[in-house]
Amino acid sequence: MEIKGIETLKGLATLAFEQLRADILLGHLRPDERLRIQSLSDRYKVGATAIREALSRLVSDGLVDFEDQRGFCVSPVSRDELLDLTQVRVDIESLAMRHAVQNGSLEWESNLLSAFHRLSKTPPPTLPEMHMNWADAHRQFHEALVAGCGSPWLVRLCRLLYDKSERYRNVAERSASSANRDTYDEHKTLLDAAMERDADLFSHHLAKHYGQTTSIILATNFKDTAETGKLAARRVPNKVPTT
């Protein structure tokens with residue numbers, strides 16, 4: 001009975017963790033919002049112990065902060081963190097692609113083509129209820145890009161950075177995310193560079209792609225920035241093939 005009780009608690013904590021994490025990433029729980037144990041327990045219909053364990057796991061993931069005397073709160077967002085996060089994503093995913101160029105199999109190429117096909121056939125969200133379908137297809141495509149690297153740690157880091165970036169996207173106005181952009185063309189250039197196994201070209205297009213998204217978020221949430229439109233220039237390979 002004791003072992004069963006422990007397993008039940010772990011299951012409830014995992015459930016609470018997944019629900020809390022989703023609400024933070026989707027922006028339903030806002031940056032700096034105070035996270036009160038009893039309120040969350042009522043919201044997710046699980047006990048206080050499971051909520052505390054879930055919050056502790058989210059602290060480790062950098063999505064929740066804890067302060068003595070004050071308790072838990074959703075981690076804040078900032079212009080500086082977003083700029084740093086964007087550049088680190090470019091660096092890490094470019095490294096993953098360099099490994100994929102060497103190690104990626106035909107199965108990797110096939111899965112990547114399938115993921116792009118799904119994304120290209122999923123309409124960008126114009127209504128809130130359409131957001132999840134596009135978000136799932138978008139995540140699957142970006143995960144498929146780096147899946148051929150052969151390194152579980154690189155894949156794990158890419159997923160963590162994706163989640164952190166997705167929170168910024170969702171905290172910003174969703175209606176602004178596709179303004180004046182051809183997201184099909186942006187993702188197609190990433191696909192083509194990966195299929196050509198051209199890591200330098202991929203890194204160039206990746207920096208432009210993430211730079212566009214980051215510039216929109218900065219303009220929406222951090223209007224005082226002077227960096228808008230200049231993100232892709234940092235640490236992008238100097239020599240980019242033109243073919």
# chains A, B, ... in the order shown; residues from 1 in each chain; ligands from 1
$ select_by_dssp --residues "region 159-216 of chain A" --states "helix (DSSP H, G or I)" --output "count of residues only"
47
$ select_by_dssp --residues "region 53-147 of chain A" --states "strand (DSSP E)" --output "PDB file with N, CA and C atoms, in the first residue's frame"
ATOM      1  N   VAL A  64       9.857  28.724 -13.218  1.00  0.00           N
ATOM      2  CA  VAL A  64       9.306  29.213 -11.947  1.00  0.00           C
ATOM      3  C   VAL A  64      10.469  29.644 -11.061  1.00  0.00           C
ATOM      4  N   ASP A  65      10.273  30.730 -10.306  1.00  0.00           N
ATOM      5  CA  ASP A  65      11.263  31.202  -9.328  1.00  0.00           C
ATOM      6  C   ASP A  65      10.737  30.968  -7.921  1.00  0.00           C
ATOM      7  N   PHE A  66      11.678  30.773  -6.985  1.00  0.00           N
ATOM      8  CA  PHE A  66      11.303  30.621  -5.579  1.00  0.00           C
ATOM      9  C   PHE A  66      12.127  31.581  -4.736  1.00  0.00           C
ATOM     10  N   GLU A  67      11.456  32.282  -3.821  1.00  0.00           N
ATOM     11  CA  GLU A  67      12.131  33.173  -2.892  1.00  0.00           C
ATOM     12  C   GLU A  67      11.671  32.857  -1.472  1.00  0.00           C
ATOM     13  N   GLY A  71       7.692  32.695  -1.501  1.00  0.00           N
ATOM     14  CA  GLY A  71       7.147  31.538  -2.194  1.00  0.00           C
ATOM     15  C   GLY A  71       7.476  31.509  -3.676  1.00  0.00           C
ATOM     16  N   PHE A  72       6.574  30.890  -4.449  1.00  0.00           N
ATOM     17  CA  PHE A  72       6.800  30.652  -5.872  1.00  0.00           C
ATOM     18  C   PHE A  72       6.135  31.731  -6.730  1.00  0.00           C
ATOM     19  N   CYS A  73       6.764  32.003  -7.884  1.00  0.00           N
ATOM     20  CA  CYS A  73       6.134  32.867  -8.879  1.00  0.00           C
ATOM     21  C   CYS A  73       6.631  32.455 -10.262  1.00  0.00           C
ATOM     22  N   VAL A  74       5.856  32.798 -11.282  1.00  0.00           N
ATOM     23  CA  VAL A  74       6.274  32.522 -12.657  1.00  0.00           C
ATOM     24  C   VAL A  74       7.516  33.360 -12.964  1.00  0.00           C
TER      25      VAL A  74
END
$ closest_atom_pairs --of "region 16-100 of chain A" --to "region 149-156 of chain A" --cutoff "12 Å" --atoms "only C-alpha atoms" --output "Markdown table"
| residue | atom | partner | partner_atom | distance |
| --- | --- | --- | --- | --- |
| A:Asp61 | CA | A:Arg156 | CA | 11.9 |
| A:Arg89 | CA | A:Leu154 | CA | 11.0 |
| A:Asp91 | CA | A:Leu154 | CA | 11.2 |
| A:Ile92 | CA | A:Leu154 | CA | 7.4 |
| A:Glu93 | CA | A:Leu154 | CA | 8.1 |
| A:Ser94 | CA | A:Cys149 | CA | 10.3 |
| A:Leu95 | CA | A:Leu154 | CA | 8.4 |
| A:Ala96 | CA | A:Cys149 | CA | 5.3 |
| A:Met97 | CA | A:Cys149 | CA | 6.3 |
| A:Arg98 | CA | A:Cys149 | CA | 7.5 |
| A:His99 | CA | A:Cys149 | CA | 4.6 |
| A:Ala100 | CA | A:Cys149 | CA | 3.9 |
$ write_last_selection --atoms "all heavy atoms" --output "compact mmCIF listing (two decimals), in the first residue's frame"
# COMPACT_ATOMS: atom_id res chain seq x y z
N ASP A 61 13.63 23.85 -14.27
CA ASP A 61 13.52 24.13 -15.70
C ASP A 61 13.60 25.61 -16.02
O ASP A 61 13.57 26.00 -17.20
CB ASP A 61 12.19 23.57 -16.24
CG ASP A 61 12.21 22.06 -16.40
OD1 ASP A 61 13.28 21.46 -16.19
OD2 ASP A 61 11.16 21.49 -16.72
N ARG A 89 19.96 29.75 -28.99
CA ARG A 89 19.23 28.80 -29.84
C ARG A 89 19.90 28.66 -31.19
O ARG A 89 20.06 27.54 -31.70
CB ARG A 89 17.79 29.28 -30.05
CG ARG A 89 16.85 29.04 -28.90
CD ARG A 89 15.43 29.31 -29.33
NE ARG A 89 14.89 28.21 -30.12
CZ ARG A 89 13.76 28.29 -30.83
NH1 ARG A 89 13.09 29.42 -30.87
NH2 ARG A 89 13.32 27.24 -31.49
N ASP A 91 23.02 29.19 -31.91
CA ASP A 91 24.30 28.49 -31.73
C ASP A 91 24.11 26.99 -31.53
O ASP A 91 24.79 26.17 -32.17
CB ASP A 91 25.04 29.07 -30.52
CG ASP A 91 25.53 30.50 -30.75
OD1 ASP A 91 25.57 30.93 -31.92
OD2 ASP A 91 25.85 31.18 -29.77
N ILE A 92 23.20 26.61 -30.63
CA ILE A 92 23.02 25.19 -30.29
C ILE A 92 22.40 24.43 -31.46
O ILE A 92 22.84 23.32 -31.80
CB ILE A 92 22.15 25.05 -29.03
CG1 ILE A 92 22.88 25.61 -27.80
CG2 ILE A 92 21.78 23.59 -28.78
CD1 ILE A 92 24.16 24.89 -27.45
N GLU A 93 21.38 25.00 -32.10
CA GLU A 93 20.73 24.29 -33.20
C GLU A 93 21.63 24.23 -34.44
O GLU A 93 21.55 23.27 -35.21
CB GLU A 93 19.38 24.92 -33.50
CG GLU A 93 18.39 24.70 -32.36
CD GLU A 93 16.99 25.21 -32.66
OE1 GLU A 93 16.60 25.27 -33.85
OE2 GLU A 93 16.27 25.55 -31.70
N SER A 94 22.48 25.23 -34.61
CA SER A 94 23.46 25.16 -35.70
C SER A 94 24.46 24.04 -35.45
O SER A 94 24.85 23.32 -36.37
CB SER A 94 24.18 26.51 -35.84
OG SER A 94 23.30 27.53 -36.24
N LEU A 95 24.87 23.89 -34.19
CA LEU A 95 25.76 22.79 -33.84
C LEU A 95 25.09 21.45 -34.08
O LEU A 95 25.70 20.51 -34.63
CB LEU A 95 26.18 22.90 -32.37
CG LEU A 95 27.04 21.77 -31.81
CD1 LEU A 95 28.36 21.66 -32.56
CD2 LEU A 95 27.28 21.97 -30.31
N ALA A 96 23.82 21.34 -33.68
CA ALA A 96 23.07 20.10 -33.91
C ALA A 96 22.99 19.78 -35.40
O ALA A 96 23.13 18.62 -35.81
CB ALA A 96 21.67 20.21 -33.31
N MET A 97 22.77 20.81 -36.22
CA MET A 97 22.69 20.57 -37.66
C MET A 97 24.03 20.13 -38.23
O MET A 97 24.08 19.30 -39.15
CB MET A 97 22.19 21.83 -38.37
CG MET A 97 22.03 21.69 -39.89
SD MET A 97 21.00 20.26 -40.39
CE MET A 97 19.43 20.73 -39.67
N ARG A 98 25.14 20.65 -37.71
CA ARG A 98 26.44 20.21 -38.19
C ARG A 98 26.63 18.70 -37.94
O ARG A 98 27.20 17.99 -38.77
CB ARG A 98 27.56 21.01 -37.53
CG ARG A 98 27.56 22.46 -37.97
CD ARG A 98 28.79 23.24 -37.55
NE ARG A 98 28.64 24.63 -37.97
CZ ARG A 98 28.85 25.08 -39.20
NH1 ARG A 98 29.22 24.22 -40.15
NH2 ARG A 98 28.67 26.35 -39.50
N HIS A 99 26.14 18.24 -36.80
CA HIS A 99 26.19 16.80 -36.52
C HIS A 99 25.22 16.05 -37.42
O HIS A 99 25.52 14.94 -37.89
CB HIS A 99 25.87 16.53 -35.05
CG HIS A 99 26.98 16.90 -34.11
ND1 HIS A 99 28.11 16.13 -33.96
CD2 HIS A 99 27.13 17.95 -33.27
CE1 HIS A 99 28.92 16.69 -33.07
NE2 HIS A 99 28.35 17.81 -32.64
N ALA A 100 24.05 16.63 -37.66
CA ALA A 100 23.06 15.96 -38.52
C ALA A 100 23.56 15.84 -39.95
O ALA A 100 23.29 14.85 -40.63
CB ALA A 100 21.74 16.74 -38.48
$ atom_distance --atom1 "CA of Arg197 (chain A)" --atom2 "CA of Leu112 (chain A)"
12.6 Å
$ closest_residue --among "A:Leu145, A:Met132, A:Glu186, A:Arg21" --to "Ser110 (chain A)" --atoms "only C-alpha atoms"
A:Leu145
$ residues_around --residues "region 116-121 of chain A" --least-positions-apart "3" --cutoff "6 Å" --atoms "only C-alpha atoms" --output "ChimeraX atom specification"
/A:113,137,141
$ atom_distance --atom1 "CA of Asp200 (chain A)" --atom2 "CA of Ala147 (chain A)"
17.7 Å
$ residues_around --residues "Leu55 (chain A)" --least-positions-apart "3" --cutoff "8 Å" --atoms "only C-alpha atoms" --output "list in words"
Phe17, Ile51, Arg52, Leu58, Val59, Val64 and Phe72 of chain A
$ closest_residue --among "A:His28, A:Gln212, A:Arg57, A:Gly148" --to "Gln102 (chain A)" --atoms "only C-alpha atoms"
A:Gly148
$ residues_around --residues "Lys164 (chain A)" --least-positions-apart "4" --cutoff "8 Å" --atoms "only C-alpha atoms" --output "PyMOL selection string"
chain A and resi 25+63+85+160+168
$ write_last_selection --atoms "all heavy atoms" --output "PDB file, in the first residue's frame"
ATOM      1  N   LEU A  25       3.838  28.087 -20.425  1.00  0.00           N
ATOM      2  CA  LEU A  25       4.321  28.239 -21.791  1.00  0.00           C
ATOM      3  C   LEU A  25       3.296  28.937 -22.678  1.00  0.00           C
ATOM      4  O   LEU A  25       3.658  29.717 -23.576  1.00  0.00           O
ATOM      5  CB  LEU A  25       4.677  26.874 -22.386  1.00  0.00           C
ATOM      6  CG  LEU A  25       5.857  26.141 -21.752  1.00  0.00           C
ATOM      7  CD1 LEU A  25       6.090  24.808 -22.446  1.00  0.00           C
ATOM      8  CD2 LEU A  25       7.125  26.988 -21.804  1.00  0.00           C
ATOM      9  N   LEU A  63      11.350  27.911 -15.325  1.00  0.00           N
ATOM     10  CA  LEU A  63      10.050  28.513 -15.630  1.00  0.00           C
ATOM     11  C   LEU A  63       9.379  29.103 -14.391  1.00  0.00           C
ATOM     12  O   LEU A  63       8.419  29.878 -14.507  1.00  0.00           O
ATOM     13  CB  LEU A  63       9.112  27.479 -16.270  1.00  0.00           C
ATOM     14  CG  LEU A  63       9.557  26.971 -17.647  1.00  0.00           C
ATOM     15  CD1 LEU A  63       8.645  25.856 -18.124  1.00  0.00           C
ATOM     16  CD2 LEU A  63       9.584  28.107 -18.663  1.00  0.00           C
ATOM     17  N   LEU A  85      18.669  34.341 -25.290  1.00  0.00           N
ATOM     18  CA  LEU A  85      18.023  33.075 -25.618  1.00  0.00           C
ATOM     19  C   LEU A  85      18.003  32.841 -27.123  1.00  0.00           C
ATOM     20  O   LEU A  85      18.295  31.731 -27.599  1.00  0.00           O
ATOM     21  CB  LEU A  85      16.591  33.092 -25.065  1.00  0.00           C
ATOM     22  CG  LEU A  85      15.705  31.888 -25.332  1.00  0.00           C
ATOM     23  CD1 LEU A  85      16.301  30.623 -24.742  1.00  0.00           C
ATOM     24  CD2 LEU A  85      14.306  32.142 -24.753  1.00  0.00           C
ATOM     25  N   LEU A 160      14.552  22.317 -24.628  1.00  0.00           N
ATOM     26  CA  LEU A 160      14.466  23.256 -23.507  1.00  0.00           C
ATOM     27  C   LEU A 160      14.471  24.698 -24.015  1.00  0.00           C
ATOM     28  O   LEU A 160      13.664  25.533 -23.578  1.00  0.00           O
ATOM     29  CB  LEU A 160      15.639  23.030 -22.550  1.00  0.00           C
ATOM     30  CG  LEU A 160      15.739  23.987 -21.360  1.00  0.00           C
ATOM     31  CD1 LEU A 160      14.514  23.873 -20.467  1.00  0.00           C
ATOM     32  CD2 LEU A 160      17.001  23.717 -20.554  1.00  0.00           C
ATOM     33  N   TYR A 168       7.911  33.167 -24.686  1.00  0.00           N
ATOM     34  CA  TYR A 168       7.978  34.560 -25.126  1.00  0.00           C
ATOM     35  C   TYR A 168       7.009  34.817 -26.279  1.00  0.00           C
ATOM     36  O   TYR A 168       6.351  35.858 -26.335  1.00  0.00           O
ATOM     37  CB  TYR A 168       9.399  34.924 -25.555  1.00  0.00           C
ATOM     38  CG  TYR A 168      10.273  35.353 -24.409  1.00  0.00           C
ATOM     39  CD1 TYR A 168      11.016  34.425 -23.683  1.00  0.00           C
ATOM     40  CD2 TYR A 168      10.355  36.692 -24.037  1.00  0.00           C
ATOM     41  CE1 TYR A 168      11.824  34.822 -22.627  1.00  0.00           C
ATOM     42  CE2 TYR A 168      11.160  37.099 -22.980  1.00  0.00           C
ATOM     43  CZ  TYR A 168      11.893  36.160 -22.279  1.00  0.00           C
ATOM     44  OH  TYR A 168      12.677  36.560 -21.231  1.00  0.00           O
TER      45      TYR A 168
END
$ atom_distance --atom1 "CA of Ala144 (chain A)" --atom2 "CA of Asp182 (chain A)"
20.5 Å
$ residues_around --residues "region 38-49 of chain A" --least-positions-apart "6" --cutoff "8 Å" --atoms "only C-alpha atoms" --output "ChimeraX atom specification"
/A:12-13,16,19
$ write_last_selection --atoms "N, CA and C atoms" --output "PDB file, in the first residue's frame"
ATOM      1  N   LEU A  12       0.410  12.108  -9.674  1.00  0.00           N
ATOM      2  CA  LEU A  12      -0.290  13.377  -9.509  1.00  0.00           C
ATOM      3  C   LEU A  12       0.663  14.555  -9.671  1.00  0.00           C
ATOM      4  N   ALA A  13       1.877  14.408  -9.148  1.00  0.00           N
ATOM      5  CA  ALA A  13       2.868  15.473  -9.296  1.00  0.00           C
ATOM      6  C   ALA A  13       3.232  15.674 -10.759  1.00  0.00           C
ATOM      7  N   ALA A  16       0.329  17.465 -12.412  1.00  0.00           N
ATOM      8  CA  ALA A  16       0.347  18.877 -12.036  1.00  0.00           C
ATOM      9  C   ALA A  16       1.471  19.609 -12.756  1.00  0.00           C
ATOM     10  N   GLN A  19       0.464  20.227 -16.410  1.00  0.00           N
ATOM     11  CA  GLN A  19      -0.567  21.252 -16.548  1.00  0.00           C
ATOM     12  C   GLN A  19      -0.011  22.643 -16.246  1.00  0.00           C
TER      13      GLN A  19
END
